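K.L.:
What follows is coords-v7.csv, made up of CSV, C-alpha atoms:
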```csv
chain,number,residue,atom,x,y,z
X,1321,MET,CA,16.5,-47.8,287.8
X,1322,ALA,CA,18.6,-48.0,284.7
X,1323,GLU,CA,16.6,-48.0,281.6
X,1324,VAL,CA,18.4,-49.9,278.9
X,1325,ALA,CA,17.9,-48.8,275.4
X,1326,GLU,CA,16.2,-51.4,273.3
X,1327,GLN,CA,18.2,-53.4,270.9
X,1328,THR,CA,18.4,-52.3,267.3
X,1329,LYS,CA,17.5,-54.2,264.2
X,1330,LYS,CA,20.5,-52.8,262.4
X,1331,ALA,CA,23.9,-53.5,263.8
X,1332,ALA,CA,24.8,-50.5,266.0
X,1333,LYS,CA,28.3,-50.2,267.4
X,1334,GLY,CA,27.3,-49.1,270.8
X,1335,SER,CA,24.5,-48.0,273.0
X,1336,VAL,CA,23.7,-45.8,276.1
X,1337,VAL,CA,22.3,-46.5,279.5
X,1338,ILE,CA,20.2,-43.7,281.0
X,1339,SER,CA,19.3,-43.4,284.7
X,1340,ALA,CA,16.4,-41.1,284.2
X,1341,GLU,CA,15.8,-40.5,287.9
X,1342,ARG,CA,19.2,-38.9,288.3
X,1343,CYS,CA,18.9,-36.6,285.3
X,1344,LYS,CA,18.3,-32.9,285.6
X,1345,GLY,CA,17.5,-32.3,282.0
X,1346,CYS,CA,20.4,-29.9,281.2
X,1347,GLY,CA,20.6,-31.2,277.6
X,1348,PHE,CA,24.4,-31.5,277.5
X,1349,CYS,CA,24.3,-35.1,276.2
X,1350,VAL,CA,21.8,-34.2,273.5
X,1351,GLU,CA,23.8,-31.2,272.3
X,1352,PHE,CA,27.3,-32.7,272.3
X,1353,CYS,CA,26.5,-36.2,271.1
X,1354,PRO,CA,28.8,-36.5,268.0
X,1355,PRO,CA,26.4,-38.7,265.9
X,1356,GLU,CA,23.3,-36.8,267.4
X,1357,VAL,CA,21.4,-39.9,268.4
X,1358,LEU,CA,19.8,-38.5,271.6
X,1359,GLU,CA,16.8,-36.3,272.1
X,1360,LEU,CA,15.0,-34.9,275.1
X,1361,ALA,CA,11.8,-36.9,275.7
X,1362,SER,CA,8.5,-35.2,276.0
X,1363,GLU,CA,7.9,-37.2,279.2
X,1364,TYR,CA,9.1,-36.1,282.6
X,1365,ASN,CA,10.9,-37.9,285.3
X,1366,SER,CA,9.6,-37.8,288.9
X,1367,LYS,CA,11.3,-34.4,289.5
X,1368,GLY,CA,9.8,-32.9,286.4
X,1369,TYR,CA,12.8,-32.9,284.1
X,1370,HIS,CA,12.7,-33.9,280.5
X,1371,THR,CA,15.2,-36.8,280.2
X,1372,PRO,CA,17.2,-37.9,277.1
X,1373,ILE,CA,16.2,-40.9,275.1
X,1374,LEU,CA,18.1,-42.7,272.4
X,1375,VAL,CA,16.2,-42.1,269.2
X,1376,LYS,CA,18.6,-43.2,266.4
X,1377,ARG,CA,19.6,-46.5,267.9
X,1378,ASP,CA,21.4,-47.8,264.9
X,1379,GLN,CA,23.8,-44.8,264.8
X,1380,CYS,CA,25.1,-44.8,268.3
X,1381,THR,CA,28.8,-45.5,268.4
X,1382,GLY,CA,29.2,-45.9,272.1
X,1383,CYS,CA,31.8,-43.2,272.2
X,1384,ASP,CA,30.8,-42.2,275.8
X,1385,ILE,CA,31.0,-38.5,275.2
X,1386,CYS,CA,27.5,-38.3,276.7
X,1387,GLY,CA,28.9,-40.1,279.8
X,1388,MET,CA,31.8,-37.7,280.1
X,1389,VAL,CA,29.7,-34.5,279.6
X,1390,CYS,CA,26.9,-35.5,281.9
X,1391,PRO,CA,27.1,-33.5,285.1
X,1392,ASP,CA,24.7,-35.8,286.9
X,1393,PHE,CA,26.3,-39.2,286.2
X,1394,ALA,CA,23.0,-40.2,284.7
X,1395,ILE,CA,24.0,-41.5,281.2
X,1396,TYR,CA,26.9,-43.5,279.8
X,1397,GLY,CA,27.8,-45.1,276.6
X,1398,TYR,CA,29.4,-48.4,275.9
X,1399,ILE,CA,30.6,-50.3,272.9
X,1400,MET,CA,28.7,-53.5,272.3
X,1401,LYS,CA,30.6,-56.7,272.1
X,1402,LYS,CA,30.0,-59.0,269.2
X,1403,LYS,CA,28.2,-62.2,270.1
X,1404,THR,CA,29.7,-65.3,268.7
X,1405,LYS,CA,27.6,-66.7,266.0
X,1406,GLU,CA,25.1,-69.2,267.3
X,1407,ALA,CA,24.1,-72.3,265.6
O,1086,MET,CA,17.8,-60.4,260.9
O,1087,PRO,CA,21.5,-59.4,260.4
O,1088,GLU,CA,24.0,-62.1,260.8
O,1089,GLU,CA,25.9,-60.5,263.7
O,1090,LEU,CA,23.9,-60.4,266.8
O,1091,TYR,CA,24.8,-58.4,269.9
O,1092,GLU,CA,24.3,-59.6,273.4
O,1093,ILE,CA,21.8,-57.4,275.1
O,1094,GLU,CA,21.7,-57.8,278.9
O,1095,ALA,CA,24.8,-59.7,279.8
O,1096,ASN,CA,27.4,-57.5,278.3
O,1097,ILE,CA,26.1,-54.1,279.5
O,1098,PRO,CA,28.8,-52.7,281.8
O,1099,ALA,CA,27.9,-50.9,284.9
O,1100,ASN,CA,28.2,-47.2,285.0
O,1101,PRO,CA,32.0,-46.8,285.2
O,1102,ILE,CA,31.8,-43.8,287.5
O,1103,GLU,CA,29.7,-45.4,290.3
O,1104,GLU,CA,32.5,-47.2,292.0
O,1105,TYR,CA,34.4,-44.0,292.4
O,1106,LEU,CA,31.5,-42.0,293.9
O,1107,ARG,CA,29.7,-42.3,297.2
O,1108,MET,CA,26.4,-43.2,295.5
O,1109,ASP,CA,24.5,-42.9,298.8
O,1110,ARG,CA,25.1,-39.1,298.5
O,1111,MET,CA,23.6,-38.9,295.1
O,1112,PRO,CA,21.8,-36.9,293.7
O,1113,HIS,CA,24.4,-34.1,294.2
O,1114,ILE,CA,23.6,-30.5,295.1
O,1115,TRP,CA,24.8,-29.0,291.8
O,1116,CYS,CA,22.3,-27.1,289.8
O,1117,PRO,CA,21.0,-28.3,286.4
O,1118,GLY,CA,23.5,-27.1,283.8
O,1119,CYS,CA,26.3,-26.7,286.3
O,1120,GLY,CA,29.6,-27.9,284.8
O,1121,ILE,CA,31.2,-29.3,288.0
O,1122,GLY,CA,29.8,-32.7,287.5
O,1123,THR,CA,31.2,-32.8,284.1
O,1124,THR,CA,34.7,-32.1,285.4
O,1125,VAL,CA,34.2,-34.9,288.1
O,1126,ASN,CA,33.4,-37.3,285.2
O,1127,CYS,CA,36.6,-36.3,283.5
O,1128,PHE,CA,38.6,-36.6,286.7
O,1129,VAL,CA,37.2,-40.1,287.4
O,1130,ARG,CA,38.0,-41.3,283.8
O,1131,ALA,CA,41.5,-39.9,284.2
O,1132,LEU,CA,41.9,-41.7,287.5
O,1133,GLN,CA,40.7,-44.9,285.9
O,1134,THR,CA,43.3,-44.8,283.2
O,1135,SER,CA,46.1,-43.4,285.3
O,1136,GLY,CA,46.8,-46.8,287.0
O,1137,LEU,CA,47.1,-45.1,290.4
O,1138,ASP,CA,46.4,-47.2,293.5
O,1139,LEU,CA,43.2,-45.6,294.8
O,1140,ASP,CA,44.3,-46.3,298.4
O,1141,LYS,CA,47.2,-44.0,297.8
O,1142,VAL,CA,45.1,-41.1,296.4
O,1143,ALA,CA,43.8,-38.5,298.7
O,1144,MET,CA,41.5,-35.7,297.8
O,1145,VAL,CA,41.2,-32.3,299.5
O,1146,SER,CA,38.6,-29.6,298.9
O,1147,GLY,CA,37.8,-26.3,300.4
O,1148,ILE,CA,34.4,-24.6,300.8
O,1149,GLY,CA,32.1,-23.9,297.9
O,1150,CYS,CA,30.1,-25.7,295.2
O,1151,THR,CA,33.3,-27.3,294.0
O,1152,GLY,CA,34.3,-28.1,297.5
O,1153,ARG,CA,31.6,-30.7,297.6
O,1154,VAL,CA,33.7,-32.9,295.3
O,1155,ALA,CA,35.8,-34.3,298.1
O,1156,GLY,CA,32.6,-35.5,299.8
O,1157,TYR,CA,31.2,-37.2,296.7
O,1158,MET,CA,34.4,-39.0,295.7
O,1159,ASN,CA,34.9,-42.5,297.2
O,1160,LEU,CA,38.5,-41.8,298.1
O,1161,ASP,CA,40.3,-40.7,301.2
O,1162,SER,CA,39.1,-37.2,301.2
O,1163,PHE,CA,38.9,-34.2,303.4
O,1164,HIS,CA,36.6,-31.1,303.3
O,1165,THR,CA,38.7,-28.3,304.8
O,1166,THR,CA,37.8,-24.9,306.1
O,1167,HIS,CA,37.5,-22.1,303.6
O,1168,GLY,CA,40.7,-21.6,301.5
O,1169,ARG,CA,42.8,-24.0,303.4
O,1170,ALA,CA,42.7,-26.9,301.0
O,1171,ILE,CA,46.3,-26.4,299.9
O,1172,PRO,CA,47.9,-26.1,303.4
O,1173,PHE,CA,46.0,-29.3,304.4
O,1174,ALA,CA,47.2,-31.0,301.3
O,1175,THR,CA,50.8,-29.8,301.9
O,1176,GLY,CA,50.8,-31.3,305.4
O,1177,LEU,CA,49.3,-34.6,304.0
O,1178,LYS,CA,51.9,-34.8,301.4
O,1179,LEU,CA,54.8,-34.1,303.7
O,1180,ALA,CA,53.6,-36.5,306.4
O,1181,ASN,CA,53.1,-39.3,303.9
O,1182,PRO,CA,55.0,-38.7,300.6
O,1183,GLU,CA,53.6,-41.9,299.2
O,1184,LEU,CA,50.2,-40.3,298.7
O,1185,LYS,CA,49.1,-38.7,295.5
O,1186,VAL,CA,47.3,-35.6,296.8
O,1187,VAL,CA,44.7,-33.9,294.7
O,1188,VAL,CA,43.3,-30.5,295.6
O,1189,TYR,CA,39.9,-30.0,293.9
O,1190,SER,CA,38.3,-26.7,294.7
O,1191,GLY,CA,36.8,-23.5,293.3
O,1192,ASP,CA,38.2,-20.2,292.2
O,1193,GLY,CA,37.0,-18.2,295.2
O,1194,ASP,CA,38.4,-20.8,297.6
O,1195,LEU,CA,41.8,-21.3,296.0
O,1196,THR,CA,42.6,-17.8,294.7
O,1197,ALA,CA,40.8,-15.4,297.0
O,1198,ILE,CA,40.6,-16.8,300.5
O,1199,GLY,CA,43.4,-19.3,299.9
O,1200,GLY,CA,45.3,-17.1,297.4
O,1201,ASN,CA,48.4,-16.9,299.6
O,1202,HIS,CA,48.6,-20.7,300.1
O,1203,PHE,CA,48.2,-21.1,296.4
O,1204,ILE,CA,51.2,-19.0,295.4
O,1205,HIS,CA,53.4,-20.4,298.1
O,1206,ALA,CA,52.6,-24.0,297.3
O,1207,ALA,CA,53.5,-23.2,293.6
O,1208,ARG,CA,56.7,-21.4,294.7
O,1209,ARG,CA,57.8,-24.4,296.8
O,1210,ASN,CA,56.8,-26.7,294.0
O,1211,MET,CA,54.9,-28.9,296.5
O,1212,ASP,CA,54.1,-32.2,294.8
O,1213,ILE,CA,50.3,-31.8,294.6
O,1214,THR,CA,47.8,-31.6,291.8
O,1215,VAL,CA,45.5,-28.6,292.0
O,1216,ILE,CA,42.3,-28.7,289.9
O,1217,LEU,CA,40.5,-25.4,290.0
O,1218,ILE,CA,37.0,-25.0,288.8
O,1219,ASN,CA,36.5,-21.4,287.6
O,1220,ASN,CA,32.9,-20.4,287.4
O,1221,MET,CA,33.9,-16.7,287.7
O,1222,ILE,CA,31.8,-16.1,290.8
O,1223,TYR,CA,31.2,-17.1,294.4
O,1224,GLY,CA,28.5,-19.6,293.6
O,1225,MET,CA,27.5,-21.1,296.8
O,1226,THR,CA,27.2,-17.9,298.8
O,1227,GLY,CA,25.0,-16.0,296.4
O,1228,GLY,CA,27.0,-14.8,293.4
O,1229,GLN,CA,29.3,-12.2,294.9
O,1230,VAL,CA,32.2,-10.8,292.8
O,1231,ALA,CA,35.3,-12.9,292.9
O,1232,PRO,CA,38.9,-12.2,291.9
O,1233,THR,CA,38.1,-14.2,288.7
O,1234,THR,CA,35.0,-12.2,287.7
O,1235,PRO,CA,35.7,-10.6,284.3
O,1236,VAL,CA,35.6,-6.8,284.0
O,1237,GLY,CA,32.2,-5.8,283.0
O,1238,ALA,CA,30.3,-8.8,284.3
O,1239,THR,CA,27.6,-8.3,286.8
O,1240,ALA,CA,27.6,-10.0,290.2
O,1241,SER,CA,25.3,-9.6,293.2
O,1242,THR,CA,27.8,-7.3,294.9
O,1243,THR,CA,28.5,-5.3,291.6
O,1244,PRO,CA,25.1,-4.7,290.2
O,1245,HIS,CA,26.5,-2.1,287.8
O,1246,GLY,CA,29.2,-4.3,286.5
O,1247,ASN,CA,32.6,-5.3,287.8
O,1248,PHE,CA,35.5,-2.9,287.5
O,1249,GLU,CA,38.3,-4.8,289.3
O,1250,GLU,CA,41.1,-6.3,287.3
O,1251,THR,CA,40.7,-10.0,286.9
O,1252,PHE,CA,43.2,-12.7,287.9
O,1253,ASN,CA,44.9,-14.4,285.0
O,1254,LEU,CA,45.3,-17.8,286.8
O,1255,PRO,CA,47.6,-19.6,284.4
O,1256,PHE,CA,50.0,-16.6,284.5
O,1257,LEU,CA,49.8,-16.5,288.2
O,1258,ALA,CA,50.6,-20.2,288.6
O,1259,GLU,CA,53.4,-20.1,286.1
O,1260,SER,CA,55.0,-17.0,287.5
O,1261,CYS,CA,54.9,-18.5,291.0
O,1262,GLY,CA,56.7,-21.6,289.7
O,1263,ALA,CA,54.1,-24.3,288.9
O,1264,VAL,CA,55.6,-27.0,286.7
O,1265,TYR,CA,52.4,-27.9,284.9
O,1266,VAL,CA,49.8,-25.4,283.9
O,1267,ALA,CA,46.8,-26.0,281.7
O,1268,ARG,CA,43.4,-24.5,281.1
O,1269,TRP,CA,40.3,-26.2,279.7
O,1270,THR,CA,36.6,-25.7,279.8
O,1271,ALA,CA,33.9,-28.1,280.8
O,1272,HIS,CA,33.2,-28.6,277.1
O,1273,HIS,CA,36.7,-30.1,276.3
O,1274,VAL,CA,36.0,-33.4,278.0
O,1275,ARG,CA,38.6,-35.5,276.1
O,1276,HIS,CA,41.4,-32.9,276.3
O,1277,LEU,CA,40.6,-32.4,280.0
O,1278,THR,CA,40.7,-36.1,280.8
O,1279,LYS,CA,44.1,-36.4,279.1
O,1280,SER,CA,45.4,-33.3,280.8
O,1281,ILE,CA,44.3,-34.5,284.3
O,1282,LYS,CA,46.0,-37.8,283.6
O,1283,GLU,CA,49.2,-35.9,282.7
O,1284,ALA,CA,48.9,-33.7,285.8
O,1285,LEU,CA,48.4,-36.7,288.1
O,1286,ALA,CA,51.6,-38.3,286.7
O,1287,LYS,CA,53.6,-35.0,287.0
O,1288,LYS,CA,56.0,-34.6,289.9
O,1289,GLY,CA,55.5,-31.1,291.4
O,1290,PHE,CA,52.9,-28.5,291.5
O,1291,SER,CA,50.5,-29.2,288.6
O,1292,PHE,CA,47.7,-26.8,288.1
O,1293,ILE,CA,44.6,-27.1,285.8
O,1294,GLU,CA,42.1,-24.4,285.5
O,1295,ILE,CA,38.7,-25.5,284.2
O,1296,LEU,CA,36.0,-23.1,283.2
O,1297,ALA,CA,32.6,-24.3,284.1
O,1298,PRO,CA,29.2,-22.7,283.6
O,1299,CYS,CA,27.3,-21.4,286.6
O,1300,PRO,CA,23.8,-21.1,285.2
O,1301,THR,CA,22.0,-20.1,288.4
O,1302,LEU,CA,24.1,-17.1,289.4
O,1303,TYR,CA,26.7,-16.1,286.8
O,1304,SER,CA,24.8,-16.8,283.5
O,1305,ARG,CA,21.4,-15.7,284.7
O,1306,ARG,CA,22.6,-12.4,286.2
O,1307,ASN,CA,24.6,-11.6,283.1
O,1308,LYS,CA,21.8,-12.7,280.7
O,1309,LEU,CA,23.9,-15.4,279.1
O,1310,GLY,CA,21.3,-18.1,279.1
O,1311,ASP,CA,21.5,-21.5,280.8
O,1312,GLY,CA,24.3,-24.0,281.3
O,1313,LEU,CA,23.9,-25.3,277.8
O,1314,ASP,CA,24.3,-21.9,276.2
O,1315,GLN,CA,27.5,-21.4,278.2
O,1316,MET,CA,28.8,-24.8,277.0
O,1317,GLU,CA,28.0,-23.8,273.4
O,1318,PHE,CA,29.8,-20.5,274.0
O,1319,TYR,CA,32.9,-22.5,275.1
O,1320,ARG,CA,32.6,-24.7,272.1
O,1321,ASP,CA,32.4,-21.7,269.7
O,1322,HIS,CA,34.9,-19.3,271.3
O,1323,SER,CA,37.7,-21.5,272.5
O,1324,GLN,CA,41.0,-21.6,270.8
O,1325,ILE,CA,43.4,-24.4,271.6
O,1326,LYS,CA,46.9,-23.0,271.8
O,1327,ASN,CA,49.3,-25.4,273.5
O,1328,GLY,CA,52.4,-23.8,274.8
O,1329,ALA,CA,50.9,-20.3,274.6
O,1330,ASP,CA,52.5,-17.5,276.6
O,1331,THR,CA,50.4,-17.4,279.8
O,1332,LYS,CA,50.7,-13.5,279.7
O,1333,THR,CA,48.4,-13.6,276.7
O,1334,VAL,CA,45.7,-15.9,278.0
O,1335,ALA,CA,43.8,-13.5,280.3
O,1336,LEU,CA,40.0,-13.9,280.2
O,1337,GLU,CA,37.6,-11.2,279.2
O,1338,PHE,CA,33.9,-10.9,279.6
O,1339,GLN,CA,32.5,-13.1,276.8
O,1340,GLY,CA,35.7,-12.9,275.0
O,1341,ASP,CA,37.7,-15.7,273.3
O,1342,ILE,CA,39.0,-18.3,275.6
O,1343,VAL,CA,42.5,-19.6,275.0
O,1344,VAL,CA,42.8,-23.2,276.3
O,1345,GLY,CA,45.5,-25.7,276.2
O,1346,LYS,CA,48.6,-26.9,278.0
O,1347,PHE,CA,50.7,-23.9,278.6
O,1348,VAL,CA,53.6,-25.0,280.8
O,1349,ASP,CA,55.2,-28.5,281.3
O,1350,LYS,CA,58.7,-28.2,282.8
O,1351,GLU,CA,60.9,-29.9,285.4
O,1352,ARG,CA,62.0,-28.4,288.7
O,1353,PRO,CA,62.9,-30.2,292.0
O,1354,THR,CA,59.9,-30.6,294.3
O,1355,TYR,CA,59.9,-29.3,297.9
O,1356,LEU,CA,60.7,-32.8,299.2
O,1357,GLN,CA,63.5,-33.4,296.7
O,1358,ALA,CA,65.0,-30.0,297.4
O,1359,MET,CA,64.8,-30.5,301.2
O,1360,ASN,CA,66.3,-34.0,301.1
O,1361,GLN,CA,69.1,-32.9,298.8
O,1362,HIS,CA,69.9,-29.9,300.9
O,1363,TYR,CA,70.0,-31.8,304.2
O,1364,GLN,CA,71.9,-34.7,302.8
O,1365,LYS,CA,74.5,-32.3,301.7
O,1366,LYS,CA,74.6,-30.6,305.1
O,1367,PHE,CA,74.4,-33.6,307.4
O,1368,GLY,CA,75.5,-36.5,305.2
O,1369,ASP,CA,74.5,-39.9,306.6
O,1370,ARG,CA,73.0,-38.4,309.8
O,1371,TYR,CA,70.1,-37.2,307.8
O,1372,VAL,CA,67.3,-39.7,307.1
O,1373,PRO,CA,64.6,-38.6,304.7
O,1374,SER,CA,61.0,-38.9,305.9
O,1375,GLU,CA,60.3,-41.7,303.3
O,1376,GLU,CA,63.0,-43.9,304.9
O,1377,MET,CA,61.8,-43.0,308.4
O,1378,ARG,CA,58.3,-44.2,307.5
O,1379,LYS,CA,59.7,-47.5,306.3
O,1380,VAL,CA,61.4,-48.0,309.7
O,1381,PHE,CA,58.3,-47.1,311.6
O,1382,HIS,CA,55.9,-49.2,309.6
O,1383,ALA,CA,58.2,-52.2,309.3
```
Would you mind giving the structure from this file in structure tokens?
P.N.:
Amino acid sequence: MAEVAEQTKKAAKGSVVISAERCKGCGFCVEFCPPEVLELASEYNSKGYHTPILVKRDQCTGCDICGMVCPDFAIYGYIMKKKTKEA
Amino acid sequence: MPEELYEIEANIPANPIEEYLRMDRMPHIWCPGCGIGTTVNCFVRALQTSGLDLDKVAMVSGIGCTGRVAGYMNLDSFHTTHGRAIPFATGLKLANPELKVVVYSGDGDLTAIGGNHFIHAARRNMDITVILINNMIYGMTGGQVAPTTPVGATASTTPHGNFEETFNLPFLAESCGAVYVARWTAHHVRHLTKSIKEALAKKGFSFIEILAPCPTLYSRRNKLGDGLDQMEFYRDHSQIKNGADTKTVALEFQGDIVVGKFVDKERPTYLQAMNQHYQKKFGDRYVPSEEMRKVFHA
């Protein structure tokens, strides 16, 4: 159900998780995202709404404003944890 | 590849709101662009950080679009008859003073049908938190004019515009004796979350009015665009004035919106006043209901 945004090549601070099937395409998250990393997709979900996608992956800060402003509980941001360096 | 890698799958947290909602009832009934879901998001995030025991939080709603909130929250909740959310909450609080009782309802429910209950709960300083979502109209029943509809706005029962004077809700709440009065819009998510957290921690009648877009009935009929246009209007026309005189914060049709925390004062709550009064009258013979409960549940 939850579509996880793909990992970036650059080191982004955060990312978002979008439940496209719950989205009603109001566009609040796209408009009020502070770093403006979201866009409405040209594809539809099964109810015919354009859902948001993360386009500027490297600029997401994980501030969760999208999660707070979403009226349909369909998106949330999180801050990524640093992985310990592997050998 | 950059040196610092980030874990992909393992560290992704689950949606923080899901454990607070009855997910089997999703998707909810609110229209695309409606602001009620946004306020629920803020409420849940305030609840998460408030440190309250969720078993001791009860939620009461009346009828209307906002009245659905009690049904969607995974808390002890009750969906009362129209306008009677506050009397139900009052009884709940008096019967079990340990509970944190939250009334979450709409403008028509709380200030029109339940208007009398609202002013008397504020007068008594009943220890409940009232969150009122103001969409300026009766949303669920078809967009009829409400006491909160601004003068000049069109509703389904006032096709030539509304001419009735509008309620100034923060002023009403303050003049009736509420100890915490704030107003925010669905756009002010961070402020609103902080404000709800303060209201939950406040002893006494705490009141928050939240303006939310109603794209289907209010905005469409008044040619104000969709929910997003309304949210942009809130962003561009809101002025944060904490501590403003509530007489000056009345809403006008598409006028500037004064938001902020207007009142934060201390006053004995209904239970405190009652216990104090009877202890003075009857001395040791009077046992407060909290003590009685301890005896019964021991």
K.L.:
Residues at most 9 Å from Glu1359 in chain X, counting only C-alpha atoms, excluding those fewer than 6 positions away in the same chain, as a list in words?
P.N.:
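So the residues in contact are Gly1347, Cys1349, Val1350, Glu1351, Thr1371, Pro1372, Ile1373, Leu1374 and Val1375 of chain X.
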K.L.:
Do you know which residues are at most 8 Å from Gln1379 in chain X counting only C-alpha atoms, after dropping those on the same chain fewer than 2 positions away, and could you put them as a ChimeraX atom specification?
P.N.:
/X:1332-1333,1355,1357,1376-1377,1381
K.L.:
Keeping C-alpha atoms for every residue in the selection just given, could you write it to a file as a PDB file, in the coordinates of the input?
P.N.:
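Ended up saving to out-v4.pdb:
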```
ATOM      1  CA  ALA X1332      24.800 -50.500 266.000  1.00  0.00           C
ATOM      2  CA  LYS X1333      28.300 -50.200 267.400  1.00  0.00           C
ATOM      3  CA  PRO X1355      26.400 -38.700 265.900  1.00  0.00           C
ATOM      4  CA  VAL X1357      21.400 -39.900 268.400  1.00  0.00           C
ATOM      5  CA  LYS X1376      18.600 -43.200 266.400  1.00  0.00           C
ATOM      6  CA  ARG X1377      19.600 -46.500 267.900  1.00  0.00           C
ATOM      7  CA  THR X1381      28.800 -45.500 268.400  1.00  0.00           C
TER       8      THR X1381
END
```
K.L.:
Please list as a count of residues only every residue within 12 Å of Ala1267 in chain O, counting only C-alpha atoms and excluding residues in the same chain fewer than 6 positions away.
P.N.:
41
K.L.:
Using all atoms listed in the file - which residues lie no farther than 10 Å from the point (60.8, -34.8, 301.5) in the file's frame? Write them as a compact mmCIF listing (two decimals) with C-alpha atoms, in the coordinates of the input.
P.N.:
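So the final result, stored in selection_9.txt, reads:
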```txt
# COMPACT_ATOMS: atom_id res chain seq x y z
CA LYS O 1178 51.90 -34.80 301.40
CA LEU O 1179 54.80 -34.10 303.70
CA ALA O 1180 53.60 -36.50 306.40
CA ASN O 1181 53.10 -39.30 303.90
CA PRO O 1182 55.00 -38.70 300.60
CA MET O 1211 54.90 -28.90 296.50
CA ASP O 1212 54.10 -32.20 294.80
CA THR O 1354 59.90 -30.60 294.30
CA TYR O 1355 59.90 -29.30 297.90
CA LEU O 1356 60.70 -32.80 299.20
CA GLN O 1357 63.50 -33.40 296.70
CA ALA O 1358 65.00 -30.00 297.40
CA MET O 1359 64.80 -30.50 301.20
CA ASN O 1360 66.30 -34.00 301.10
CA GLN O 1361 69.10 -32.90 298.80
CA VAL O 1372 67.30 -39.70 307.10
CA PRO O 1373 64.60 -38.60 304.70
CA SER O 1374 61.00 -38.90 305.90
CA GLU O 1375 60.30 -41.70 303.30
CA GLU O 1376 63.00 -43.90 304.90
```
K.L.:
Tell me, as a VMD selection string, which residues lie within 7 Å of range 1192-1201 of chain O, counting all atoms listed in the file; anything in the same chain fewer than 6 positions away does not count.
P.N.:
chain O and resid 1147 to 1148 1167 to 1169 1217 to 1219 1223 1231 to 1233
K.L.:
One number please: CA of Gly1227 in chain O to CA of Ser1304 in chain O, in Å, one decimal.
P.N.:
12.9 Å
K.L.:
Show me, as CSV, the residues of chain O having an atom within 10 Å of chain X, each with the closest atom pair and its distance in Å, using all atoms listed in the file.
P.N.:
```
residue,atom,partner,partner_atom,distance
O:Met1086,CA,X:Lys1329,CA,7.0
O:Pro1087,CA,X:Lys1330,CA,7.0
O:Glu1088,CA,X:Lys1405,CA,7.8
O:Glu1089,CA,X:Lys1405,CA,6.8
O:Leu1090,CA,X:Lys1403,CA,5.7
O:Tyr1091,CA,X:Lys1403,CA,5.1
O:Glu1092,CA,X:Lys1403,CA,5.7
O:Ile1093,CA,X:Gln1327,CA,6.8
O:Glu1094,CA,X:Val1324,CA,8.6
O:Asn1096,CA,X:Lys1401,CA,7.0
O:Ile1097,CA,X:Tyr1398,CA,7.5
O:Pro1098,CA,X:Tyr1398,CA,7.3
O:Ala1099,CA,X:Val1337,CA,8.9
O:Asn1100,CA,X:Tyr1396,CA,6.5
O:Pro1101,CA,X:Tyr1396,CA,8.1
O:Ile1102,CA,X:Phe1393,CA,7.3
O:Glu1103,CA,X:Phe1393,CA,8.2
O:Leu1106,CA,X:Phe1393,CA,9.7
O:Met1111,CA,X:Arg1342,CA,8.1
O:Pro1112,CA,X:Arg1342,CA,6.3
O:His1113,CA,X:Asp1392,CA,7.5
O:Ile1114,CA,X:Asp1392,CA,9.8
O:Trp1115,CA,X:Asp1392,CA,8.4
O:Cys1116,CA,X:Lys1344,CA,8.2
O:Pro1117,CA,X:Lys1344,CA,5.4
O:Gly1118,CA,X:Cys1346,CA,4.9
O:Cys1119,CA,X:Pro1391,CA,7.0
O:Gly1120,CA,X:Pro1391,CA,6.1
O:Ile1121,CA,X:Pro1391,CA,6.5
O:Gly1122,CA,X:Pro1391,CA,3.7
O:Thr1123,CA,X:Pro1391,CA,4.3
O:Thr1124,CA,X:Pro1391,CA,7.7
O:Val1125,CA,X:Pro1391,CA,7.8
O:Asn1126,CA,X:Met1388,CA,5.4
O:Cys1127,CA,X:Met1388,CA,6.0
O:Phe1128,CA,X:Met1388,CA,9.5
O:Val1129,CA,X:Met1388,CA,9.4
O:Arg1130,CA,X:Met1388,CA,8.1
O:Ala1271,CA,X:Val1389,CA,7.7
O:His1272,CA,X:Val1389,CA,7.3
O:His1273,CA,X:Val1389,CA,8.9
O:Val1274,CA,X:Met1388,CA,6.4
O:Arg1275,CA,X:Met1388,CA,8.2
O:Thr1278,CA,X:Met1388,CA,9.1
O:Asp1311,CA,X:Cys1346,CA,8.5
O:Gly1312,CA,X:Cys1346,CA,7.1
O:Leu1313,CA,X:Phe1348,CA,6.2
O:Asp1314,CA,X:Phe1348,CA,9.7
O:Met1316,CA,X:Phe1348,CA,8.0
O:Glu1317,CA,X:Glu1351,CA,8.6
O:Arg1320,CA,X:Phe1352,CA,9.6
```
K.L.:
Using Å and a single decimal, report how far CA of Glu1249 in chain O sits from CA of Gln1229 in chain O.
P.N.:
12.9 Å
K.L.:
Mind giving me the straight-line distance from CA of Met1221 in chain O to CA of Thr1234 in chain O in Å, one decimal?
P.N.:
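Straight-line distance from CA of Met1221 in chain O to CA of Thr1234 in chain O works out to 4.6 Å.
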K.L.:
If you count all atoms listed in the file, which residues fall within 6 Å of range 1149-1153 of chain O, apart from same-chain ones fewer than 3 positions away, as a list of chain:residue names?
P.N.:
O:Ser1146, O:Gly1156, O:Ser1190, O:Gly1191, O:Met1225
K.L.:
O:Leu1302, O:Ala1335, O:Ala1206, O:Cys1261: which is nearest Ile1171 in chain O, counting only C-alpha atoms?
P.N.:
O:Ala1206
